[in-house]
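Written below as structure tokens is the structure these notes are about.
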Amino acid sequence: MRTCNHIFKTVPQFGDFLEGNVISCNAPMLVRIHTAVHNAQGMRGLLEELKLLLPNAQFIGCSSPAVIFNGTRRTDVCMISITAFSADEQCDVDSVSLSCFEEADGNAEKQPVSGEELAMQVISALNLRGRKGQLLVFLPQKYYQACKFAETIDRCCPDLRIIGGVANDQQLEYSEQGEISETDSDFTLSREFCGSGYLSAAVISSPRMHCYESYALGMEKISSYRKIDGCERNLIYSVNGSTPTQLLARYGGGSIRKENLDTIRIFPIIRKKLECCAWPMAFGGGDNQRDAVMVMDEIEQGEEVALGFISPSLVVDEVNRMYRGMHTQPCETIFAYSCTLRAAILQNCSEWEMSPLISTTASGAFLGGEFFYDGAHNRFGNCTFVVSALATTEQTQRLDTSNLSITHTLFHDNEHLIEFLTMTAVDEDGQDTHFRQEMKSRLYDTHKQRLGRFSKLFYDMQVHKVNKLCLIFPRNCSQMIAYAGYRAYDRLTWKVLERMQEFLKDYRCWYYLSDQGELMVSANDDVTAPQFEKLMHRLWEHLTQAEYYRIMPVFDFSLAMECPNLLRSVKIAQSELHHRSDLHFLVYDKSLGMESKNHHDMHMMQVIHDAIANSGVIPHYQGIHNNAEGRITMYESLMRIRDKNGRIYMPGEFLSVSKDYGLYGQLSYQMIAKVMNYIEERNKQVTMNLTMHDIIDPRMTELIYTNMQNSRHPENFVFEVVEDENITDYEAMKAFAARIHSYGGKIALDDFGSGFSNLINVIRLDLDYLKVDGGIIRRICEDSDSRQLLEMVSMWCKKNRKKVIAEFVENNAIQGILCNCKVDFSQGFLFAHPDSMIEN
């Protein structure tokens, strides 16, 4: 299965998106729609158009203030996500809409269908018993029986994982009884229905389905359990004789101010019987009902509850756990859902925890309550971030977890919470209460002795005026873990820390540890900049020369001193070290131009993401001159990308960035799909560049093989593999070449001569064309060695019935030598410049 995401603007643009991603309109598929720009009436009109365009699709979705699009949060957009299936996956997709409310006897007001009954209706309508896979469910905001619903599905269908939650709108409207009022912008949708008050559900099932679902909450209990002694339906009025806000104020030592009502949701209610679920203090009704806490379940008198705390520090631990588990699981499609409260209260944290999904097709929305799987059961709660990875094969997606080590942005969430604690929990004499001191400790410290988190660094910058920083990280971290395991690496980290602290014991320094094992040392004006640099260099020598049991770390030290943005500068220096094999110690210097490269990479990341999302890969074609026939008979396809303003970018601007950040595969997929469609209509021979990653990517090879099988002229397709592209799996390369030849296609080796480490294996490949590296061709007029190499390659190709293509042919002098050497084809500006069209 594969998922493609689209930011919807018009139906014709959506049709272009389907064509660009080679999605058949008549194929069975699941279409998820999450919108922050439509009301129910507008969505009904759009849904009718989409049903005509996609007659065999199942639809599901809901309103939301923000969507998750390719791992990023987007507001004020409508996202359409398509999950398509191949015939051999044996996947079934079904959807249904059901009313969540029913008429009550003698009462004009509709009452909620019980969670158990609603679940049984879904089980019956979708025939869920015995099915294995993913169940997506979206509920209206007014419905508060979600917990019972999840429990019933879990009991009756143990092989189904639920994901989804409560359709959300930016502005909740409450009645005088504390109930949520229905609005036209709060709706769910399916193929059958779009509107308020309905459940929408869809199931993806297959006997081969892998479904890994995990979540992050980050909640810990900060009070003892107390009994509820005042409640009605889903409202809590009194806990142990106190209103919920009085309970919080008692722990804070102060009072709860009206302007802090939004912020106190970071201190949710925890129910003893469901400790993994958070229930934020969402207050309904008028001012007289403000102390009634509303939860998404029926509350029982005498039930025990406590206060919880959503801690950014604990979120860090849970998010890392979640992604570590995901790394080991098959993954073709990723669904992601998060809570609107999470984004509102922990804005930086919400963005940070989604960062590993940026190079994937992960999609979803922000909801008003979420279904999740806690490792044993399907649950429902609030403030959760939920990710589900689906697959019917062993294929995986690359998760870039490098940003998880950069937790300093979470400091701003901590500041927000500390500000709240300052306003609500200060004694009359202005001193910190015990509660506030404890909360500050929870926010800033790790559980490790004498170490702070990155967020603690910002605290030290303010309090201790820290202005010098050194980041220490083993360059061979991954290799050491692969060789000795995580426990050995963890012991190494603490051994290094002990040596470091012993060495620096006579200096006033502060220490920090990230969740990725990066150690940091900071200092203030008690140590001068020259002293700090010299001290860190001595520390580097001290750690490098030490002996470590079984494994030997190779340390990189990056420094920043007296910079406006200390952490950003030290990370820029670390990034530069990452690309330099000859350096292990580097001090940030603005004059070195590291910032401009960083800025370029970040800008290109945005351009690349926009190109992927909006089908912005633009193939160009350069003619290749047939020297025997004296005319152009072949073309090379060359990738360009276009940004949202229409600017075209050349490969030199985006290629290395796309490969560094794992985005090239998505660009390449669009490129190959567009070229093969374009050339099929024109009956021209074309060469297409592939990396080794493309050749071992099942999604890419499925695209190529399908097009080759259906092509009227498969002989027109020539696939180029770059010789210096780290070809290590020659068996996979041989299998690919054999498959292409079986369809009638051709294989070429690009940039031949740029590297010779694998020359023997390269020669053994079943090739049809060798493209000689342009660096050799440009020198053949004045360099006899280059000319002799070309002659040797040409003779070998003639003897072995292979064709030679020379690149970068820029003048007649070069072309004359090529003809004398009997080179078959010439490519370069002498004959043609790249163009977006091929003349018939």
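How things are named: the first chain in the structure tokens is A, the next is B, and so on; residues count from 1 in each chain; ligands count from 1 in the order shown.
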
Mind checking which residues fall within 9 Å of segment 462-471 of chain A, counting only C-alpha atoms, ignoring those fewer than 3 positions away in the same chain, and posting them as a PyMOL selection string? chain A and resi 457-459+510+518-525+527-529+532-533+536+556-564+566-567+570-571+574+587

Might you pull out every residue within 9 Å of segment 350-357 of chain A, with only C-alpha atoms counted and same-chain residues fewer than 5 positions away left off, and present them as JSON, numbers by chain? {"A": [68, 70, 71, 72, 73, 216, 315, 316, 319, 320, 323, 334, 336, 338, 339, 342, 343, 344, 345, 362, 385, 398, 399, 400, 401, 402, 403, 404, 406, 407, 409, 410]}

Residues from the last selection, N, CA and C atoms, saved as a CSV table (one decimal), in the first residue's frame:
```
chain,number,residue,atom,x,y,z
A,68,ILE,N,-2.2,17.4,9.6
A,68,ILE,CA,-0.8,16.9,9.6
A,68,ILE,C,-0.5,16.4,8.2
A,70,ASN,N,2.4,15.3,5.5
A,70,ASN,CA,3.7,14.9,5.3
A,70,ASN,C,4.6,15.2,6.6
A,71,GLY,N,4.0,15.0,7.8
A,71,GLY,CA,4.7,15.2,9.0
A,71,GLY,C,4.8,16.7,9.5
A,72,THR,N,4.1,17.6,8.9
A,72,THR,CA,4.1,19.0,9.3
A,72,THR,C,2.7,19.5,9.6
A,73,ARG,N,2.6,20.4,10.5
A,73,ARG,CA,1.3,21.0,10.9
A,73,ARG,C,0.9,22.1,10.0
A,216,ALA,N,2.3,9.0,22.5
A,216,ALA,CA,3.0,9.8,23.6
A,216,ALA,C,2.0,10.7,24.3
A,315,VAL,N,7.5,13.9,28.0
A,315,VAL,CA,7.2,13.8,26.6
A,315,VAL,C,8.4,13.3,25.8
A,316,VAL,N,9.6,13.9,26.1
A,316,VAL,CA,10.8,13.6,25.4
A,316,VAL,C,11.1,12.1,25.5
A,319,VAL,N,8.3,10.0,23.5
A,319,VAL,CA,8.4,10.2,22.0
A,319,VAL,C,9.6,9.3,21.5
A,320,ASN,N,10.7,9.4,22.2
A,320,ASN,CA,11.9,8.6,21.8
A,320,ASN,C,11.5,7.1,21.9
A,323,TYR,N,9.3,6.2,18.8
A,323,TYR,CA,10.0,6.0,17.5
A,323,TYR,C,11.0,4.9,17.5
A,334,ILE,N,1.7,5.7,7.1
A,334,ILE,CA,1.7,6.2,8.4
A,334,ILE,C,0.5,7.2,8.6
A,336,ALA,N,-1.2,9.7,11.5
A,336,ALA,CA,-0.8,10.5,12.7
A,336,ALA,C,-1.9,11.4,13.1
A,338,SER,N,-3.0,14.1,16.5
A,338,SER,CA,-2.6,14.7,17.7
A,338,SER,C,-3.7,15.6,18.3
A,339,CYS,N,-3.6,16.1,19.5
A,339,CYS,CA,-4.6,16.8,20.2
A,339,CYS,C,-4.5,18.3,20.0
A,342,ARG,N,-2.8,19.8,22.8
A,342,ARG,CA,-1.3,19.6,22.8
A,342,ARG,C,-0.6,20.7,22.0
A,343,ALA,N,-1.2,21.0,20.8
A,343,ALA,CA,-0.7,22.1,20.0
A,343,ALA,C,-0.8,23.5,20.6
A,344,ALA,N,-1.9,23.7,21.4
A,344,ALA,CA,-2.1,25.0,22.0
A,344,ALA,C,-1.3,25.2,23.2
A,345,ILE,N,-1.1,24.2,24.0
A,345,ILE,CA,-0.4,24.4,25.3
A,345,ILE,C,1.1,24.1,25.2
A,362,ALA,N,3.4,10.7,6.2
A,362,ALA,CA,2.5,10.7,7.4
A,362,ALA,C,1.5,11.8,7.3
A,385,PHE,N,-0.6,12.2,21.4
A,385,PHE,CA,0.0,12.2,20.0
A,385,PHE,C,0.1,10.7,19.6
A,398,ARG,N,11.9,5.5,6.0
A,398,ARG,CA,13.0,6.2,6.8
A,398,ARG,C,12.5,7.2,7.7
A,399,LEU,N,12.8,7.1,9.0
A,399,LEU,CA,12.4,8.1,10.0
A,399,LEU,C,13.7,8.9,10.4
A,400,ASP,N,13.7,10.2,10.1
A,400,ASP,CA,14.9,11.0,10.5
A,400,ASP,C,14.7,11.5,11.9
A,401,THR,N,15.2,10.7,12.9
A,401,THR,CA,15.1,11.1,14.3
A,401,THR,C,16.2,12.0,14.8
A,402,SER,N,17.0,12.6,13.9
A,402,SER,CA,18.1,13.4,14.4
A,402,SER,C,17.6,14.6,15.1
A,403,ASN,N,16.4,15.2,14.7
A,403,ASN,CA,15.9,16.4,15.4
A,403,ASN,C,15.4,16.1,16.8
A,404,LEU,N,15.2,14.8,17.2
A,404,LEU,CA,14.8,14.5,18.5
A,404,LEU,C,15.8,14.9,19.6
A,406,ILE,N,17.4,17.7,19.5
A,406,ILE,CA,17.3,19.2,19.6
A,406,ILE,C,16.1,19.5,20.4
A,407,THR,N,16.2,19.4,21.7
A,407,THR,CA,15.1,19.7,22.6
A,407,THR,C,15.0,21.1,23.2
A,409,THR,N,14.1,23.8,22.0
A,409,THR,CA,12.9,24.6,21.7
A,409,THR,C,11.8,24.3,22.7
A,410,LEU,N,11.8,23.2,23.4
A,410,LEU,CA,10.8,22.9,24.4
A,410,LEU,C,10.9,23.8,25.6
```

Just the alpha helix (DSSP H) stuff from segment 261-376 of chain A, please, per backbone DSSP, written as an MDAnalysis selection string. chainID A and resid 312:327 340:345 347:354

For the residues in that selection, give me N, CA, C and O atoms as a compact mmCIF listing (two decimals), in the first residue's frame.
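Dumped to selection.txt:
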```
# COMPACT_ATOMS: atom_id res chain seq x y z
N PRO A 312 6.86 18.38 29.50
CA PRO A 312 7.68 18.28 28.30
C PRO A 312 8.87 17.33 28.46
O PRO A 312 9.25 16.64 27.51
N SER A 313 9.44 17.27 29.65
CA SER A 313 10.57 16.37 29.86
C SER A 313 10.14 14.91 29.71
O SER A 313 10.85 14.10 29.12
N LEU A 314 8.98 14.57 30.23
CA LEU A 314 8.48 13.20 30.11
C LEU A 314 8.04 12.91 28.68
O LEU A 314 8.17 11.79 28.19
N VAL A 315 7.52 13.93 27.98
CA VAL A 315 7.17 13.77 26.56
C VAL A 315 8.40 13.34 25.76
O VAL A 315 8.32 12.48 24.88
N VAL A 316 9.56 13.94 26.08
CA VAL A 316 10.79 13.57 25.38
C VAL A 316 11.06 12.08 25.49
O VAL A 316 11.37 11.40 24.50
N ASP A 317 10.93 11.54 26.70
CA ASP A 317 11.18 10.11 26.91
C ASP A 317 10.19 9.25 26.13
O ASP A 317 10.57 8.27 25.48
N GLU A 318 8.91 9.62 26.18
CA GLU A 318 7.89 8.80 25.53
C GLU A 318 7.98 8.87 24.00
O GLU A 318 7.75 7.87 23.31
N VAL A 319 8.29 10.03 23.47
CA VAL A 319 8.41 10.16 22.01
C VAL A 319 9.59 9.34 21.50
O VAL A 319 9.50 8.66 20.46
N ASN A 320 10.71 9.39 22.21
CA ASN A 320 11.86 8.58 21.80
C ASN A 320 11.53 7.09 21.87
O ASN A 320 11.91 6.32 20.98
N ARG A 321 10.80 6.67 22.91
CA ARG A 321 10.38 5.27 23.00
C ARG A 321 9.49 4.90 21.81
O ARG A 321 9.63 3.83 21.22
N MET A 322 8.56 5.77 21.48
CA MET A 322 7.62 5.51 20.40
C MET A 322 8.35 5.29 19.07
O MET A 322 8.08 4.33 18.34
N TYR A 323 9.30 6.16 18.76
CA TYR A 323 9.99 6.04 17.47
C TYR A 323 11.00 4.90 17.46
O TYR A 323 11.26 4.32 16.41
N ARG A 324 11.59 4.59 18.62
CA ARG A 324 12.48 3.42 18.65
C ARG A 324 11.71 2.16 18.29
O ARG A 324 12.19 1.30 17.55
N GLY A 325 10.49 2.03 18.82
CA GLY A 325 9.65 0.88 18.47
C GLY A 325 9.25 0.89 17.02
O GLY A 325 9.21 -0.15 16.36
N MET A 326 8.99 2.06 16.48
CA MET A 326 8.54 2.17 15.09
C MET A 326 9.64 1.81 14.11
O MET A 326 9.38 1.28 13.03
N HIS A 327 10.90 2.08 14.48
CA HIS A 327 12.03 1.76 13.61
C HIS A 327 12.10 0.27 13.28
O HIS A 327 12.60 -0.12 12.23
N THR A 340 -5.60 18.98 19.76
CA THR A 340 -5.54 20.43 19.62
C THR A 340 -5.01 21.09 20.90
O THR A 340 -4.34 22.12 20.85
N LEU A 341 -5.31 20.49 22.06
CA LEU A 341 -4.78 21.04 23.32
C LEU A 341 -3.27 20.92 23.36
O LEU A 341 -2.58 21.79 23.87
N ARG A 342 -2.76 19.84 22.83
CA ARG A 342 -1.30 19.63 22.80
C ARG A 342 -0.62 20.73 21.99
O ARG A 342 0.41 21.27 22.38
N ALA A 343 -1.22 21.05 20.85
CA ALA A 343 -0.65 22.10 20.00
C ALA A 343 -0.80 23.47 20.64
O ALA A 343 0.07 24.34 20.49
N ALA A 344 -1.91 23.68 21.37
CA ALA A 344 -2.14 24.99 21.99
C ALA A 344 -1.27 25.23 23.21
O ALA A 344 -0.73 26.32 23.40
N ILE A 345 -1.11 24.20 24.05
CA ILE A 345 -0.39 24.37 25.31
C ILE A 345 1.10 24.06 25.16
O ILE A 345 1.95 24.75 25.73
N GLN A 347 3.07 24.01 22.21
CA GLN A 347 3.19 24.25 20.78
C GLN A 347 4.53 23.77 20.23
O GLN A 347 4.60 23.10 19.20
N ASN A 348 5.63 24.11 20.90
CA ASN A 348 6.95 23.69 20.42
C ASN A 348 7.12 22.18 20.54
O ASN A 348 7.71 21.54 19.68
N CYS A 349 6.59 21.63 21.60
CA CYS A 349 6.68 20.19 21.82
C CYS A 349 5.92 19.45 20.73
O CYS A 349 6.38 18.43 20.20
N SER A 350 4.74 19.96 20.36
CA SER A 350 3.93 19.32 19.33
C SER A 350 4.66 19.31 17.99
O SER A 350 4.64 18.32 17.26
N GLU A 351 5.31 20.39 17.66
CA GLU A 351 6.07 20.46 16.40
C GLU A 351 7.30 19.54 16.46
O GLU A 351 7.61 18.84 15.50
N TRP A 352 7.98 19.54 17.59
CA TRP A 352 9.19 18.73 17.75
C TRP A 352 8.89 17.25 17.62
O TRP A 352 9.62 16.52 16.95
N GLU A 353 7.82 16.77 18.25
CA GLU A 353 7.57 15.34 18.26
C GLU A 353 7.15 14.79 16.90
O GLU A 353 7.24 13.59 16.65
N MET A 354 6.72 15.66 15.99
CA MET A 354 6.37 15.21 14.64
C MET A 354 7.55 15.25 13.69
O MET A 354 7.46 14.76 12.56
```

Residue list (strand (DSSP E or B), DSSP) for segment 285-324 of chain A, as a VMD selection string: chain A and resid 293 to 294 304 to 310

Any chance you can output those residues with all heavy atoms as a compact mmCIF listing (two decimals), in the first residue's frame?
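Output file result.txt is given in full below:
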```
# COMPACT_ATOMS: atom_id res chain seq x y z
N VAL A 293 -15.79 20.24 35.57
CA VAL A 293 -14.85 19.67 34.60
C VAL A 293 -15.59 18.68 33.72
O VAL A 293 -16.27 17.77 34.21
CB VAL A 293 -13.69 18.97 35.33
CG1 VAL A 293 -12.79 18.27 34.32
CG2 VAL A 293 -12.89 19.97 36.12
N MET A 294 -15.46 18.86 32.41
CA MET A 294 -16.14 17.99 31.46
C MET A 294 -15.15 16.99 30.87
O MET A 294 -14.07 17.38 30.42
CB MET A 294 -16.73 18.83 30.33
CG MET A 294 -17.48 18.03 29.27
SD MET A 294 -18.04 19.11 27.95
CE MET A 294 -16.48 19.66 27.28
N GLU A 304 -12.31 7.51 41.94
CA GLU A 304 -11.12 8.20 42.44
C GLU A 304 -10.37 8.88 41.30
O GLU A 304 -10.14 8.28 40.24
CB GLU A 304 -10.20 7.22 43.16
CG GLU A 304 -10.77 6.70 44.47
CD GLU A 304 -9.77 5.84 45.21
OE1 GLU A 304 -8.97 6.40 45.99
OE2 GLU A 304 -9.78 4.62 45.00
N VAL A 305 -9.99 10.13 41.53
CA VAL A 305 -9.24 10.90 40.54
C VAL A 305 -8.10 11.64 41.23
O VAL A 305 -8.11 11.85 42.44
CB VAL A 305 -10.15 11.90 39.80
CG1 VAL A 305 -11.23 11.20 39.00
CG2 VAL A 305 -10.76 12.92 40.77
N ALA A 306 -7.11 12.03 40.41
CA ALA A 306 -5.98 12.81 40.91
C ALA A 306 -5.63 13.87 39.88
O ALA A 306 -6.13 13.86 38.75
CB ALA A 306 -4.78 11.89 41.16
N LEU A 307 -4.77 14.80 40.29
CA LEU A 307 -4.25 15.78 39.35
C LEU A 307 -3.03 15.22 38.63
O LEU A 307 -2.19 14.55 39.25
CB LEU A 307 -3.85 17.07 40.07
CG LEU A 307 -4.97 18.02 40.48
CD1 LEU A 307 -4.37 19.18 41.28
CD2 LEU A 307 -5.70 18.54 39.27
N GLY A 308 -2.95 15.48 37.34
CA GLY A 308 -1.77 15.10 36.57
C GLY A 308 -1.06 16.32 36.04
O GLY A 308 -1.50 17.46 36.22
N PHE A 309 0.06 16.08 35.38
CA PHE A 309 0.88 17.17 34.84
C PHE A 309 1.48 16.69 33.52
O PHE A 309 2.12 15.64 33.46
CB PHE A 309 1.98 17.51 35.84
CG PHE A 309 3.01 18.48 35.31
CD1 PHE A 309 2.65 19.77 34.93
CD2 PHE A 309 4.34 18.11 35.20
CE1 PHE A 309 3.59 20.66 34.46
CE2 PHE A 309 5.29 18.99 34.72
CZ PHE A 309 4.92 20.27 34.35
N ILE A 310 1.22 17.42 32.43
CA ILE A 310 1.81 17.09 31.13
C ILE A 310 3.19 17.73 31.08
O ILE A 310 3.33 18.94 30.94
CB ILE A 310 0.94 17.59 29.95
CG1 ILE A 310 -0.48 17.07 30.08
CG2 ILE A 310 1.55 17.16 28.63
CD1 ILE A 310 -0.61 15.58 29.95
```

In Å to one decimal, how far is atom CA of Arg2 of chain A from atom CA of Gly369 of chain A? 26.8 Å

Name all residues at most 9 Å from Leu789 of chain A (count only C-alpha atoms; drop same-chain ones fewer than 4 positions away) and give them as a ChimeraX atom specification. /A:753,776,784-785,793-794

Quick one: residues within 9 Å of Phe101 of chain A, only C-alpha atoms, excluding same-chain residues fewer than 3 positions away - as a PyMOL selection string? chain A and resi 110-114+143+197-198

Would you export the selected residues with C-alpha atoms as a CSV table (one decimal), in the first residue's frame, please?
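Result file is result16.csv:
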```csv
chain,number,residue,atom,x,y,z
A,110,LYS,CA,-31.8,13.6,21.5
A,111,GLN,CA,-29.8,11.4,23.8
A,112,PRO,CA,-26.4,9.8,23.0
A,113,VAL,CA,-26.4,6.2,21.9
A,114,SER,CA,-24.4,4.2,24.5
A,143,TYR,CA,-20.7,12.7,22.0
A,197,GLY,CA,-23.9,14.3,15.1
A,198,TYR,CA,-22.7,11.3,13.2
```

Among the residues A:Val67, A:Arg739, A:Lys674, A:Val31, the one that comes closest to Glu702 of chain A [using only C-alpha atoms]: A:Arg739

Which neighbours of Gly665 of chain A fall inside 10 Å, counting only C-alpha atoms, when residues of the same chain fewer than 4 positions from it are skipped, and could you give them as a ChimeraX atom specification? /A:359,658-659,669-671,690-691,693-694,697,699-700

Taking 2 positions as the minimum chain separation for residues in the same chain, which residues sit within 8 Å of Ile60 of chain A when counting only C-alpha atoms? Answer as a PyMOL selection string. chain A and resi 30-33+58+62+95+188-191+200-202

Quick one: everything within 12 Å of Phe825 of chain A, counting only C-alpha atoms, minus sequence neighbours fewer than 2 positions away in the same chain. Send it as a JSON list (two decimals) with C-alpha atoms, in the first residue's frame.
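Written output follows (out-v4.json):
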```
[["chain", "number", "residue", "atom", "x", "y", "z"],
["A", 623, "GLY", "CA", 18.94, 15.58, -26.97],
["A", 624, "ILE", "CA", 21.71, 12.98, -27.47],
["A", 625, "HIS", "CA", 23.42, 13.02, -30.87],
["A", 626, "ASN", "CA", 23.82, 9.73, -32.76],
["A", 627, "ASN", "CA", 27.27, 10.09, -34.35],
["A", 628, "ALA", "CA", 26.64, 7.34, -36.92],
["A", 629, "GLU", "CA", 23.36, 8.83, -38.16],
["A", 630, "GLY", "CA", 24.31, 12.48, -37.65],
["A", 631, "ARG", "CA", 21.13, 13.40, -35.76],
["A", 632, "ILE", "CA", 19.52, 13.35, -32.32],
["A", 633, "THR", "CA", 17.90, 9.97, -31.70],
["A", 634, "MET", "CA", 17.78, 9.80, -27.90],
["A", 635, "TYR", "CA", 17.09, 12.11, -24.95],
["A", 636, "GLU", "CA", 18.20, 12.24, -21.33],
["A", 769, "TYR", "CA", 25.34, 1.81, -22.57],
["A", 770, "LEU", "CA", 28.33, 3.40, -20.81],
["A", 771, "LYS", "CA", 28.17, 7.15, -20.30],
["A", 772, "VAL", "CA", 31.70, 8.47, -19.87],
["A", 794, "SER", "CA", 35.49, 2.67, -26.64],
["A", 802, "LYS", "CA", 27.99, -1.99, -25.75],
["A", 803, "LYS", "CA", 27.39, 1.61, -26.80],
["A", 804, "VAL", "CA", 29.40, 4.60, -25.54],
["A", 805, "ILE", "CA", 27.82, 7.98, -24.74],
["A", 806, "ALA", "CA", 30.09, 10.97, -24.12],
["A", 807, "GLU", "CA", 28.76, 13.73, -21.85],
["A", 808, "PHE", "CA", 29.62, 17.48, -21.79],
["A", 809, "VAL", "CA", 30.41, 17.79, -25.51],
["A", 815, "GLN", "CA", 33.46, 16.17, -31.06],
["A", 818, "LEU", "CA", 35.05, 11.53, -30.17],
["A", 819, "CYS", "CA", 34.40, 10.65, -33.80],
["A", 821, "CYS", "CA", 37.59, 7.28, -31.18],
["A", 822, "LYS", "CA", 34.37, 5.89, -32.71],
["A", 823, "VAL", "CA", 32.22, 7.01, -29.78],
["A", 827, "GLN", "CA", 25.61, 14.73, -25.48],
["A", 828, "GLY", "CA", 26.21, 18.37, -24.66],
["A", 831, "PHE", "CA", 23.99, 19.73, -29.98]]
```
